[in-house]
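Novice: File name entry-v4.pdb; file contents PDB, N, CA and C atoms; full text below.
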ATOM      1  N   MET A   1      -1.459  12.801  -3.625  1.00  0.00           N
ATOM      2  CA  MET A   1      -1.438  11.611  -4.451  1.00  0.00           C
ATOM      3  C   MET A   1      -0.657  10.550  -3.672  1.00  0.00           C
ATOM      4  N   ASN A   2      -1.253   9.407  -3.512  1.00  0.00           N
ATOM      5  CA  ASN A   2      -0.544   8.338  -2.804  1.00  0.00           C
ATOM      6  C   ASN A   2       0.251   7.494  -3.808  1.00  0.00           C
ATOM      7  N   TRP A   3       1.033   6.554  -3.297  1.00  0.00           N
ATOM      8  CA  TRP A   3       1.913   5.801  -4.191  1.00  0.00           C
ATOM      9  C   TRP A   3       1.160   4.854  -5.104  1.00  0.00           C
ATOM     10  N   ASP A   4      -0.027   4.404  -4.729  1.00  0.00           N
ATOM     11  CA  ASP A   4      -0.829   3.595  -5.655  1.00  0.00           C
ATOM     12  C   ASP A   4      -1.214   4.436  -6.871  1.00  0.00           C
ATOM     13  N   GLN A   5      -1.566   5.708  -6.624  1.00  0.00           N
ATOM     14  CA  GLN A   5      -1.915   6.616  -7.721  1.00  0.00           C
ATOM     15  C   GLN A   5      -0.690   6.930  -8.576  1.00  0.00           C
ATOM     16  N   ILE A   6       0.438   7.139  -7.924  1.00  0.00           N
ATOM     17  CA  ILE A   6       1.675   7.410  -8.661  1.00  0.00           C
ATOM     18  C   ILE A   6       2.021   6.223  -9.553  1.00  0.00           C
ATOM     19  N   GLU A   7       1.893   5.025  -9.005  1.00  0.00           N
ATOM     20  CA  GLU A   7       2.188   3.831  -9.804  1.00  0.00           C
ATOM     21  C   GLU A   7       1.250   3.744 -11.006  1.00  0.00           C
ATOM     22  N   GLY A   8      -0.026   4.065 -10.792  1.00  0.00           N
ATOM     23  CA  GLY A   8      -1.003   4.017 -11.875  1.00  0.00           C
ATOM     24  C   GLY A   8      -0.779   5.081 -12.937  1.00  0.00           C
ATOM     25  N   LYS A   9      -0.194   6.215 -12.549  1.00  0.00           N
ATOM     26  CA  LYS A   9       0.038   7.322 -13.481  1.00  0.00           C
ATOM     27  C   LYS A   9       1.509   7.460 -13.843  1.00  0.00           C
ATOM     28  N   TRP A  10       2.266   6.401 -13.650  1.00  0.00           N
ATOM     29  CA  TRP A  10       3.702   6.461 -13.811  1.00  0.00           C
ATOM     30  C   TRP A  10       4.125   7.000 -15.176  1.00  0.00           C
ATOM     31  N   LYS A  11       3.469   6.562 -16.250  1.00  0.00           N
ATOM     32  CA  LYS A  11       3.865   7.027 -17.588  1.00  0.00           C
ATOM     33  C   LYS A  11       3.750   8.538 -17.704  1.00  0.00           C
ATOM     34  N   GLN A  12       2.701   9.131 -17.125  1.00  0.00           N
ATOM     35  CA  GLN A  12       2.517  10.571 -17.173  1.00  0.00           C
ATOM     36  C   GLN A  12       3.526  11.299 -16.282  1.00  0.00           C
ATOM     37  N   LEU A  13       3.962  10.661 -15.211  1.00  0.00           N
ATOM     38  CA  LEU A  13       4.835  11.306 -14.232  1.00  0.00           C
ATOM     39  C   LEU A  13       6.320  11.180 -14.563  1.00  0.00           C
ATOM     40  N   LYS A  14       6.658  10.327 -15.525  1.00  0.00           N
ATOM     41  CA  LYS A  14       8.070  10.116 -15.839  1.00  0.00           C
ATOM     42  C   LYS A  14       8.764  11.408 -16.263  1.00  0.00           C
ATOM     43  N   GLY A  15       8.059  12.300 -16.931  1.00  0.00           N
ATOM     44  CA  GLY A  15       8.658  13.574 -17.335  1.00  0.00           C
ATOM     45  C   GLY A  15       9.099  14.392 -16.136  1.00  0.00           C
ATOM     46  N   SER A  16       8.267  14.422 -15.115  1.00  0.00           N
ATOM     47  CA  SER A  16       8.597  15.132 -13.882  1.00  0.00           C
ATOM     48  C   SER A  16       9.810  14.493 -13.206  1.00  0.00           C
ATOM     49  N   VAL A  17       9.868  13.180 -13.239  1.00  0.00           N
ATOM     50  CA  VAL A  17      10.990  12.458 -12.638  1.00  0.00           C
ATOM     51  C   VAL A  17      12.274  12.774 -13.400  1.00  0.00           C
ATOM     52  N   ARG A  18      12.200  12.791 -14.729  1.00  0.00           N
ATOM     53  CA  ARG A  18      13.387  13.087 -15.546  1.00  0.00           C
ATOM     54  C   ARG A  18      13.920  14.493 -15.268  1.00  0.00           C
ATOM     55  N   GLN A  19      13.009  15.448 -15.079  1.00  0.00           N
ATOM     56  CA  GLN A  19      13.433  16.815 -14.791  1.00  0.00           C
ATOM     57  C   GLN A  19      14.152  16.900 -13.455  1.00  0.00           C
ATOM     58  N   ARG A  20      13.657  16.179 -12.487  1.00  0.00           N
ATOM     59  CA  ARG A  20      14.203  16.264 -11.123  1.00  0.00           C
ATOM     60  C   ARG A  20      15.475  15.443 -10.955  1.00  0.00           C
ATOM     61  N   TRP A  21      15.503  14.251 -11.557  1.00  0.00           N
ATOM     62  CA  TRP A  21      16.640  13.341 -11.387  1.00  0.00           C
ATOM     63  C   TRP A  21      17.167  12.910 -12.754  1.00  0.00           C
ATOM     64  N   ALA A  22      17.985  13.749 -13.352  1.00  0.00           N
ATOM     65  CA  ALA A  22      18.479  13.518 -14.714  1.00  0.00           C
ATOM     66  C   ALA A  22      19.388  12.298 -14.833  1.00  0.00           C
ATOM     67  N   LYS A  23      19.981  11.861 -13.737  1.00  0.00           N
ATOM     68  CA  LYS A  23      20.879  10.699 -13.794  1.00  0.00           C
ATOM     69  C   LYS A  23      20.128   9.383 -13.952  1.00  0.00           C
ATOM     70  N   LEU A  24      18.831   9.373 -13.739  1.00  0.00           N
ATOM     71  CA  LEU A  24      18.061   8.145 -13.914  1.00  0.00           C
ATOM     72  C   LEU A  24      17.886   7.879 -15.407  1.00  0.00           C
ATOM     73  N   THR A  25      18.189   6.671 -15.817  1.00  0.00           N
ATOM     74  CA  THR A  25      18.084   6.298 -17.228  1.00  0.00           C
ATOM     75  C   THR A  25      16.659   5.848 -17.546  1.00  0.00           C
ATOM     76  N   ASP A  26      16.383   5.715 -18.845  1.00  0.00           N
ATOM     77  CA  ASP A  26      15.085   5.180 -19.270  1.00  0.00           C
ATOM     78  C   ASP A  26      14.883   3.775 -18.699  1.00  0.00           C
ATOM     79  N   ASP A  27      15.957   2.989 -18.671  1.00  0.00           N
ATOM     80  CA  ASP A  27      15.861   1.641 -18.101  1.00  0.00           C
ATOM     81  C   ASP A  27      15.514   1.707 -16.611  1.00  0.00           C
ATOM     82  N   ASP A  28      16.130   2.677 -15.894  1.00  0.00           N
ATOM     83  CA  ASP A  28      15.808   2.859 -14.474  1.00  0.00           C
ATOM     84  C   ASP A  28      14.319   3.146 -14.311  1.00  0.00           C
ATOM     85  N   LEU A  29      13.818   4.061 -15.129  1.00  0.00           N
ATOM     86  CA  LEU A  29      12.411   4.452 -15.007  1.00  0.00           C
ATOM     87  C   LEU A  29      11.478   3.279 -15.289  1.00  0.00           C
ATOM     88  N   GLU A  30      11.855   2.444 -16.259  1.00  0.00           N
ATOM     89  CA  GLU A  30      11.041   1.254 -16.547  1.00  0.00           C
ATOM     90  C   GLU A  30      11.075   0.285 -15.368  1.00  0.00           C
ATOM     91  N   LEU A  31      12.253   0.091 -14.788  1.00  0.00           N
ATOM     92  CA  LEU A  31      12.374  -0.827 -13.654  1.00  0.00           C
ATOM     93  C   LEU A  31      11.636  -0.301 -12.422  1.00  0.00           C
ATOM     94  N   ILE A  32      11.687   1.014 -12.208  1.00  0.00           N
ATOM     95  CA  ILE A  32      11.007   1.614 -11.054  1.00  0.00           C
ATOM     96  C   ILE A  32       9.507   1.388 -11.161  1.00  0.00           C
ATOM     97  N   GLY A  33       8.948   1.688 -12.308  1.00  0.00           N
ATOM     98  CA  GLY A  33       7.524   1.451 -12.554  1.00  0.00           C
ATOM     99  C   GLY A  33       6.598   2.082 -11.524  1.00  0.00           C
ATOM    100  N   GLY A  34       7.055   3.143 -10.870  1.00  0.00           N
ATOM    101  CA  GLY A  34       6.216   3.818  -9.871  1.00  0.00           C
ATOM    102  C   GLY A  34       6.304   3.228  -8.478  1.00  0.00           C
ATOM    103  N   ARG A  35       7.093   2.194  -8.299  1.00  0.00           N
ATOM    104  CA  ARG A  35       7.219   1.559  -6.979  1.00  0.00           C
ATOM    105  C   ARG A  35       8.210   2.330  -6.114  1.00  0.00           C
ATOM    106  N   ARG A  36       7.762   2.772  -4.965  1.00  0.00           N
ATOM    107  CA  ARG A  36       8.554   3.654  -4.102  1.00  0.00           C
ATOM    108  C   ARG A  36       9.881   3.021  -3.659  1.00  0.00           C
ATOM    109  N   GLN A  37       9.869   1.780  -3.219  1.00  0.00           N
ATOM    110  CA  GLN A  37      11.107   1.156  -2.745  1.00  0.00           C
ATOM    111  C   GLN A  37      12.132   1.039  -3.860  1.00  0.00           C
ATOM    112  N   GLU A  38      11.671   0.667  -5.041  1.00  0.00           N
ATOM    113  CA  GLU A  38      12.564   0.561  -6.196  1.00  0.00           C
ATOM    114  C   GLU A  38      13.117   1.939  -6.552  1.00  0.00           C
ATOM    115  N   PHE A  39      12.247   2.946  -6.489  1.00  0.00           N
ATOM    116  CA  PHE A  39      12.627   4.330  -6.785  1.00  0.00           C
ATOM    117  C   PHE A  39      13.716   4.788  -5.806  1.00  0.00           C
ATOM    118  N   ALA A  40      13.501   4.584  -4.530  1.00  0.00           N
ATOM    119  CA  ALA A  40      14.476   4.992  -3.515  1.00  0.00           C
ATOM    120  C   ALA A  40      15.815   4.290  -3.737  1.00  0.00           C
ATOM    121  N   GLY A  41      15.766   3.014  -4.058  1.00  0.00           N
ATOM    122  CA  GLY A  41      16.992   2.263  -4.316  1.00  0.00           C
ATOM    123  C   GLY A  41      17.769   2.799  -5.503  1.00  0.00           C
ATOM    124  N   ARG A  42      17.071   3.148  -6.563  1.00  0.00           N
ATOM    125  CA  ARG A  42      17.726   3.705  -7.750  1.00  0.00           C
ATOM    126  C   ARG A  42      18.332   5.066  -7.447  1.00  0.00           C
ATOM    127  N   LEU A  43      17.632   5.881  -6.661  1.00  0.00           N
ATOM    128  CA  LEU A  43      18.180   7.192  -6.284  1.00  0.00           C
ATOM    129  C   LEU A  43      19.464   7.007  -5.479  1.00  0.00           C
ATOM    130  N   GLN A  44      19.450   6.070  -4.545  1.00  0.00           N
ATOM    131  CA  GLN A  44      20.639   5.804  -3.741  1.00  0.00           C
ATOM    132  C   GLN A  44      21.811   5.398  -4.638  1.00  0.00           C
ATOM    133  N   GLU A  45      21.526   4.522  -5.569  1.00  0.00           N
ATOM    134  CA  GLU A  45      22.568   3.992  -6.447  1.00  0.00           C
ATOM    135  C   GLU A  45      23.123   5.067  -7.380  1.00  0.00           C
ATOM    136  N   ARG A  46      22.267   5.805  -8.054  1.00  0.00           N
ATOM    137  CA  ARG A  46      22.702   6.784  -9.055  1.00  0.00           C
ATOM    138  C   ARG A  46      23.324   8.035  -8.441  1.00  0.00           C
ATOM    139  N   TYR A  47      22.813   8.449  -7.276  1.00  0.00           N
ATOM    140  CA  TYR A  47      23.267   9.700  -6.684  1.00  0.00           C
ATOM    141  C   TYR A  47      24.174   9.513  -5.474  1.00  0.00           C
ATOM    142  N   GLY A  48      24.396   8.270  -5.058  1.00  0.00           N
ATOM    143  CA  GLY A  48      25.287   8.006  -3.936  1.00  0.00           C
ATOM    144  C   GLY A  48      24.808   8.637  -2.637  1.00  0.00           C
ATOM    145  N   ILE A  49      23.498   8.557  -2.416  1.00  0.00           N
ATOM    146  CA  ILE A  49      22.920   9.151  -1.210  1.00  0.00           C
ATOM    147  C   ILE A  49      22.418   8.064  -0.275  1.00  0.00           C
ATOM    148  N   ALA A  50      22.220   8.448   0.981  1.00  0.00           N
ATOM    149  CA  ALA A  50      21.719   7.514   1.986  1.00  0.00           C
ATOM    150  C   ALA A  50      20.221   7.281   1.792  1.00  0.00           C
ATOM    151  N   LYS A  51      19.741   6.192   2.368  1.00  0.00           N
ATOM    152  CA  LYS A  51      18.339   5.832   2.240  1.00  0.00           C
ATOM    153  C   LYS A  51      17.425   6.941   2.760  1.00  0.00           C
ATOM    154  N   ASP A  52      17.761   7.540   3.912  1.00  0.00           N
ATOM    155  CA  ASP A  52      16.895   8.577   4.463  1.00  0.00           C
ATOM    156  C   ASP A  52      16.844   9.814   3.566  1.00  0.00           C
ATOM    157  N   GLU A  53      17.946  10.126   2.881  1.00  0.00           N
ATOM    158  CA  GLU A  53      17.953  11.252   1.947  1.00  0.00           C
ATOM    159  C   GLU A  53      17.111  10.928   0.717  1.00  0.00           C
ATOM    160  N   ALA A  54      17.204   9.712   0.223  1.00  0.00           N
ATOM    161  CA  ALA A  54      16.379   9.302  -0.917  1.00  0.00           C
ATOM    162  C   ALA A  54      14.897   9.387  -0.549  1.00  0.00           C
ATOM    163  N   GLU A  55      14.553   8.928   0.640  1.00  0.00           N
ATOM    164  CA  GLU A  55      13.159   8.982   1.098  1.00  0.00           C
ATOM    165  C   GLU A  55      12.681  10.433   1.232  1.00  0.00           C
ATOM    166  N   ARG A  56      13.563  11.309   1.739  1.00  0.00           N
ATOM    167  CA  ARG A  56      13.206  12.719   1.883  1.00  0.00           C
ATOM    168  C   ARG A  56      12.932  13.348   0.514  1.00  0.00           C
ATOM    169  N   GLN A  57      13.797  13.047  -0.449  1.00  0.00           N
ATOM    170  CA  GLN A  57      13.604  13.579  -1.792  1.00  0.00           C
ATOM    171  C   GLN A  57      12.310  13.061  -2.415  1.00  0.00           C
ATOM    172  N   LEU A  58      12.005  11.792  -2.187  1.00  0.00           N
ATOM    173  CA  LEU A  58      10.768  11.235  -2.723  1.00  0.00           C
ATOM    174  C   LEU A  58       9.546  11.880  -2.078  1.00  0.00           C
ATOM    175  N   ASP A  59       9.603  12.121  -0.773  1.00  0.00           N
ATOM    176  CA  ASP A  59       8.491  12.800  -0.094  1.00  0.00           C
ATOM    177  C   ASP A  59       8.269  14.187  -0.682  1.00  0.00           C
ATOM    178  N   GLU A  60       9.366  14.906  -0.897  1.00  0.00           N
ATOM    179  CA  GLU A  60       9.283  16.254  -1.459  1.00  0.00           C
ATOM    180  C   GLU A  60       8.694  16.222  -2.871  1.00  0.00           C
ATOM    181  N   TRP A  61       9.171  15.270  -3.690  1.00  0.00           N
ATOM    182  CA  TRP A  61       8.661  15.141  -5.055  1.00  0.00           C
ATOM    183  C   TRP A  61       7.188  14.760  -5.046  1.00  0.00           C
ATOM    184  N   GLN A  62       6.820  13.831  -4.159  1.00  0.00           N
ATOM    185  CA  GLN A  62       5.426  13.392  -4.068  1.00  0.00           C
ATOM    186  C   GLN A  62       4.516  14.586  -3.810  1.00  0.00           C
ATOM    187  N   LYS A  63       4.921  15.476  -2.901  1.00  0.00           N
ATOM    188  CA  LYS A  63       4.125  16.666  -2.610  1.00  0.00           C
ATOM    189  C   LYS A  63       4.019  17.568  -3.829  1.00  0.00           C
ATOM    190  N   SER A  64       5.067  17.614  -4.645  1.00  0.00           N
ATOM    191  CA  SER A  64       5.061  18.485  -5.825  1.00  0.00           C
ATOM    192  C   SER A  64       4.133  17.971  -6.920  1.00  0.00           C
ATOM    193  N   VAL A  65       3.811  16.687  -6.907  1.00  0.00           N
ATOM    194  CA  VAL A  65       2.924  16.138  -7.940  1.00  0.00           C
ATOM    195  C   VAL A  65       1.508  15.931  -7.423  1.00  0.00           C
ATOM    196  N   GLU A  66       1.234  16.444  -6.230  1.00  0.00           N
ATOM    197  CA  GLU A  66      -0.122  16.340  -5.681  1.00  0.00           C
ATOM    198  C   GLU A  66      -1.113  16.979  -6.638  1.00  0.00           C
ATOM    199  N   GLU A  67      -2.250  16.358  -6.769  1.00  0.00           N
ATOM    200  CA  GLU A  67      -3.290  16.939  -7.595  1.00  0.00           C
ATOM    201  C   GLU A  67      -3.844  18.172  -6.895  1.00  0.00           C
ATOM    202  N   PRO A  68      -4.171  19.209  -7.667  1.00  0.00           N
ATOM    203  CA  PRO A  68      -4.697  20.420  -7.028  1.00  0.00           C
ATOM    204  C   PRO A  68      -5.982  20.133  -6.274  1.00  0.00           C
ATOM    205  N   ARG A  69      -6.081  20.692  -5.110  1.00  0.00           N
ATOM    206  CA  ARG A  69      -7.282  20.522  -4.299  1.00  0.00           C
ATOM    207  C   ARG A  69      -8.306  21.543  -4.735  1.00  0.00           C
ATOM    208  N   THR A  70      -9.550  21.147  -4.732  1.00  0.00           N
ATOM    209  CA  THR A  70     -10.588  22.099  -5.085  1.00  0.00           C
ATOM    210  C   THR A  70     -10.824  23.007  -3.894  1.00  0.00           C
ATOM    211  N   SER A  71     -11.014  24.279  -4.182  1.00  0.00           N
ATOM    212  CA  SER A  71     -11.231  25.225  -3.086  1.00  0.00           C
ATOM    213  C   SER A  71     -12.663  25.131  -2.605  1.00  0.00           C
ATOM    214  N   LYS A  72     -12.851  25.478  -1.347  1.00  0.00           N
ATOM    215  CA  LYS A  72     -14.178  25.440  -0.751  1.00  0.00           C
ATOM    216  C   LYS A  72     -14.991  26.614  -1.289  1.00  0.00           C
ATOM    217  N   PRO A  73     -16.289  26.424  -1.492  1.00  0.00           N
ATOM    218  CA  PRO A  73     -17.112  27.542  -1.949  1.00  0.00           C
ATOM    219  C   PRO A  73     -17.029  28.702  -0.961  1.00  0.00           C
ATOM    220  N   GLY A  74     -16.897  29.902  -1.513  1.00  0.00           N
ATOM    221  CA  GLY A  74     -16.837  31.084  -0.662  1.00  0.00           C
ATOM    222  C   GLY A  74     -15.465  31.373  -0.097  1.00  0.00           C
ATOM    223  N   SER A  75     -14.446  30.613  -0.484  1.00  0.00           N
ATOM    224  CA  SER A  75     -13.115  30.848   0.070  1.00  0.00           C
ATOM    225  C   SER A  75     -12.305  31.806  -0.780  1.00  0.00           C
ATOM    226  N   ASN A  76     -12.892  32.335  -1.846  1.00  0.00           N
ATOM    227  CA  ASN A  76     -12.163  33.262  -2.730  1.00  0.00           C
ATOM    228  C   ASN A  76     -12.076  34.610  -2.121  1.00  0.00           C
TER     229      ASN A  76
END
Output the structure of this file as structure tokens.

Specialist:
Amino acid sequence: MNWDQIEGKWKQLKGSVRQRWAKLTDDDLELIGGRRQEFAGRLQERYGIAKDEAERQLDEWQKSVEEPRTSKPGSN
């Protein structure tokens, strides 16, 4: 899932974000609105982490919300 898709599905993904980063407030989530730069900035602010660590966490989370890939026929 790319960030355009994340931004479009932000309301559905907020639950996953709340589970992973409990320090983010409802206001933070509204301000983030699925935008990666805003998200990274809020993580830095709330958790006192460096930009590269915030980016790493976002990359990891992004992979966790990837839509399941369909398997190729005959790969079972």

Novice: Go through A:Leu43, A:Leu29, A:Val65, A:Leu58 and flag the residue nearest Lys14 in chain A, using all atoms listed in the file for the distances.

Specialist: A:Leu29

Novice: Extract, using all atoms listed in the file, all DNA, RNA and protein residues at most 8 Å from Ala40 in chain A, discarding same-chain residues fewer than 2 positions from it, and format them as a ChimeraX atom specification.

Specialist: /A:32,35-38,42-46,50-51,53-55,58

Novice: So which residues of chain A fall under alpha helix (DSSP H) by DSSP, listed as a VMD selection string?

Specialist: chain A and resid 3 to 8 10 to 20 26 to 32 36 to 47 51 to 64

Novice: Need to verify the contact set: Met1 in chain A, 6 Å, all atoms listed in the file, exclusion of same-chain residues closer than 3 positions in sequence. Can you return it as a PyMOL selection string?

Specialist: chain A and resi 5-6+65-67

Novice: Keeping only N, CA and C atoms, take the residues you just selected and write them out as a CSV table (one decimal), in the frame of the given file.

Specialist:
chain,number,residue,atom,x,y,z
A,5,GLN,N,-1.6,5.7,-6.6
A,5,GLN,CA,-1.9,6.6,-7.7
A,5,GLN,C,-0.7,6.9,-8.6
A,6,ILE,N,0.4,7.1,-7.9
A,6,ILE,CA,1.7,7.4,-8.7
A,6,ILE,C,2.0,6.2,-9.6
A,65,VAL,N,3.8,16.7,-6.9
A,65,VAL,CA,2.9,16.1,-7.9
A,65,VAL,C,1.5,15.9,-7.4
A,66,GLU,N,1.2,16.4,-6.2
A,66,GLU,CA,-0.1,16.3,-5.7
A,66,GLU,C,-1.1,17.0,-6.6
A,67,GLU,N,-2.2,16.4,-6.8
A,67,GLU,CA,-3.3,16.9,-7.6
A,67,GLU,C,-3.8,18.2,-6.9

Novice: What is the CA of Ile49 in chain A-CA of Lys9 in chain A distance in Å, reported with one decimal?

Specialist: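 Taking CA of Ile49 in chain A and CA of Lys9 in chain A, their separation equals 26.0 Å.
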
Novice: Rounded to one decimal, what separation in Å do you get between atom N of Trp10 in chain A and CA of Gly33 in chain A?

Specialist: 7.3 Å

Novice: A:Gln19, A:Gly48, A:Leu24, A:Gly34: which is nearest Trp3 in chain A, counting only C-alpha atoms?

Specialist: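 The shortest atom-to-atom distance to Trp3 in chain A comes from A:Gly34.
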
Novice: Report the distance between CA of Phe39 in chain A and CA of Trp21 in chain A in Å, rounded to one decimal place.

Specialist: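 Pair CA of Phe39 in chain A / CA of Trp21 in chain A returns 10.9 Å.
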
Novice: Kindly output range 32-41 of chain A as an mmCIF file, in the frame of the given file, after building all heavy atoms.

Specialist:
data_model
loop_
_atom_site.group_PDB
_atom_site.id
_atom_site.type_symbol
_atom_site.label_atom_id
_atom_site.label_comp_id
_atom_site.auth_asym_id
_atom_site.auth_seq_id
_atom_site.Cartn_x
_atom_site.Cartn_y
_atom_site.Cartn_z
ATOM 1 N N ILE A 32 11.687 1.014 -12.208
ATOM 2 C CA ILE A 32 11.007 1.614 -11.054
ATOM 3 C C ILE A 32 9.507 1.388 -11.161
ATOM 4 O O ILE A 32 8.879 0.948 -10.197
ATOM 5 C CB ILE A 32 11.331 3.124 -10.952
ATOM 6 C CG1 ILE A 32 12.792 3.320 -10.566
ATOM 7 C CG2 ILE A 32 10.394 3.809 -9.953
ATOM 8 C CD1 ILE A 32 13.297 4.745 -10.749
ATOM 9 N N GLY A 33 8.948 1.688 -12.308
ATOM 10 C CA GLY A 33 7.524 1.451 -12.554
ATOM 11 C C GLY A 33 6.598 2.082 -11.524
ATOM 12 O O GLY A 33 5.494 1.607 -11.311
ATOM 13 N N GLY A 34 7.055 3.143 -10.870
ATOM 14 C CA GLY A 34 6.216 3.818 -9.871
ATOM 15 C C GLY A 34 6.304 3.228 -8.478
ATOM 16 O O GLY A 34 5.642 3.712 -7.568
ATOM 17 N N ARG A 35 7.093 2.194 -8.299
ATOM 18 C CA ARG A 35 7.219 1.559 -6.979
ATOM 19 C C ARG A 35 8.210 2.330 -6.114
ATOM 20 O O ARG A 35 9.365 2.511 -6.493
ATOM 21 C CB ARG A 35 7.648 0.100 -7.137
ATOM 22 C CG ARG A 35 6.585 -0.741 -7.830
ATOM 23 C CD ARG A 35 6.984 -2.197 -7.927
ATOM 24 N NE ARG A 35 8.296 -2.399 -8.508
ATOM 25 C CZ ARG A 35 8.539 -2.506 -9.818
ATOM 26 N NH1 ARG A 35 7.556 -2.412 -10.685
ATOM 27 N NH2 ARG A 35 9.766 -2.714 -10.260
ATOM 28 N N ARG A 36 7.762 2.772 -4.965
ATOM 29 C CA ARG A 36 8.554 3.654 -4.102
ATOM 30 C C ARG A 36 9.881 3.021 -3.659
ATOM 31 O O ARG A 36 10.927 3.676 -3.701
ATOM 32 C CB ARG A 36 7.731 4.072 -2.885
ATOM 33 C CG ARG A 36 8.465 5.094 -2.031
ATOM 34 C CD ARG A 36 7.655 5.522 -0.835
ATOM 35 N NE ARG A 36 8.453 6.374 0.010
ATOM 36 C CZ ARG A 36 8.378 7.701 0.052
ATOM 37 N NH1 ARG A 36 7.506 8.325 -0.706
ATOM 38 N NH2 ARG A 36 9.149 8.404 0.843
ATOM 39 N N GLN A 37 9.869 1.780 -3.219
ATOM 40 C CA GLN A 37 11.107 1.156 -2.745
ATOM 41 C C GLN A 37 12.132 1.039 -3.860
ATOM 42 O O GLN A 37 13.324 1.281 -3.659
ATOM 43 C CB GLN A 37 10.830 -0.208 -2.127
ATOM 44 C CG GLN A 37 10.162 -0.122 -0.779
ATOM 45 C CD GLN A 37 9.993 -1.488 -0.139
ATOM 46 O OE1 GLN A 37 9.909 -2.495 -0.809
ATOM 47 N NE2 GLN A 37 9.941 -1.505 1.183
ATOM 48 N N GLU A 38 11.671 0.667 -5.041
ATOM 49 C CA GLU A 38 12.564 0.561 -6.196
ATOM 50 C C GLU A 38 13.117 1.939 -6.552
ATOM 51 O O GLU A 38 14.295 2.100 -6.851
ATOM 52 C CB GLU A 38 11.814 -0.039 -7.384
ATOM 53 C CG GLU A 38 12.684 -0.362 -8.556
ATOM 54 C CD GLU A 38 13.642 -1.521 -8.309
ATOM 55 O OE1 GLU A 38 13.304 -2.467 -7.602
ATOM 56 O OE2 GLU A 38 14.765 -1.448 -8.845
ATOM 57 N N PHE A 39 12.247 2.946 -6.489
ATOM 58 C CA PHE A 39 12.627 4.330 -6.785
ATOM 59 C C PHE A 39 13.716 4.788 -5.806
ATOM 60 O O PHE A 39 14.762 5.310 -6.214
ATOM 61 C CB PHE A 39 11.384 5.206 -6.661
ATOM 62 C CG PHE A 39 11.433 6.531 -7.380
ATOM 63 C CD1 PHE A 39 10.259 7.205 -7.629
ATOM 64 C CD2 PHE A 39 12.620 7.116 -7.768
ATOM 65 C CE1 PHE A 39 10.259 8.429 -8.274
ATOM 66 C CE2 PHE A 39 12.639 8.351 -8.414
ATOM 67 C CZ PHE A 39 11.445 9.006 -8.667
ATOM 68 N N ALA A 40 13.501 4.584 -4.530
ATOM 69 C CA ALA A 40 14.476 4.992 -3.515
ATOM 70 C C ALA A 40 15.815 4.290 -3.737
ATOM 71 O O ALA A 40 16.879 4.913 -3.639
ATOM 72 C CB ALA A 40 13.939 4.698 -2.117
ATOM 73 N N GLY A 41 15.766 3.014 -4.058
ATOM 74 C CA GLY A 41 16.992 2.263 -4.316
ATOM 75 C C GLY A 41 17.769 2.799 -5.503
ATOM 76 O O GLY A 41 19.006 2.905 -5.465
#
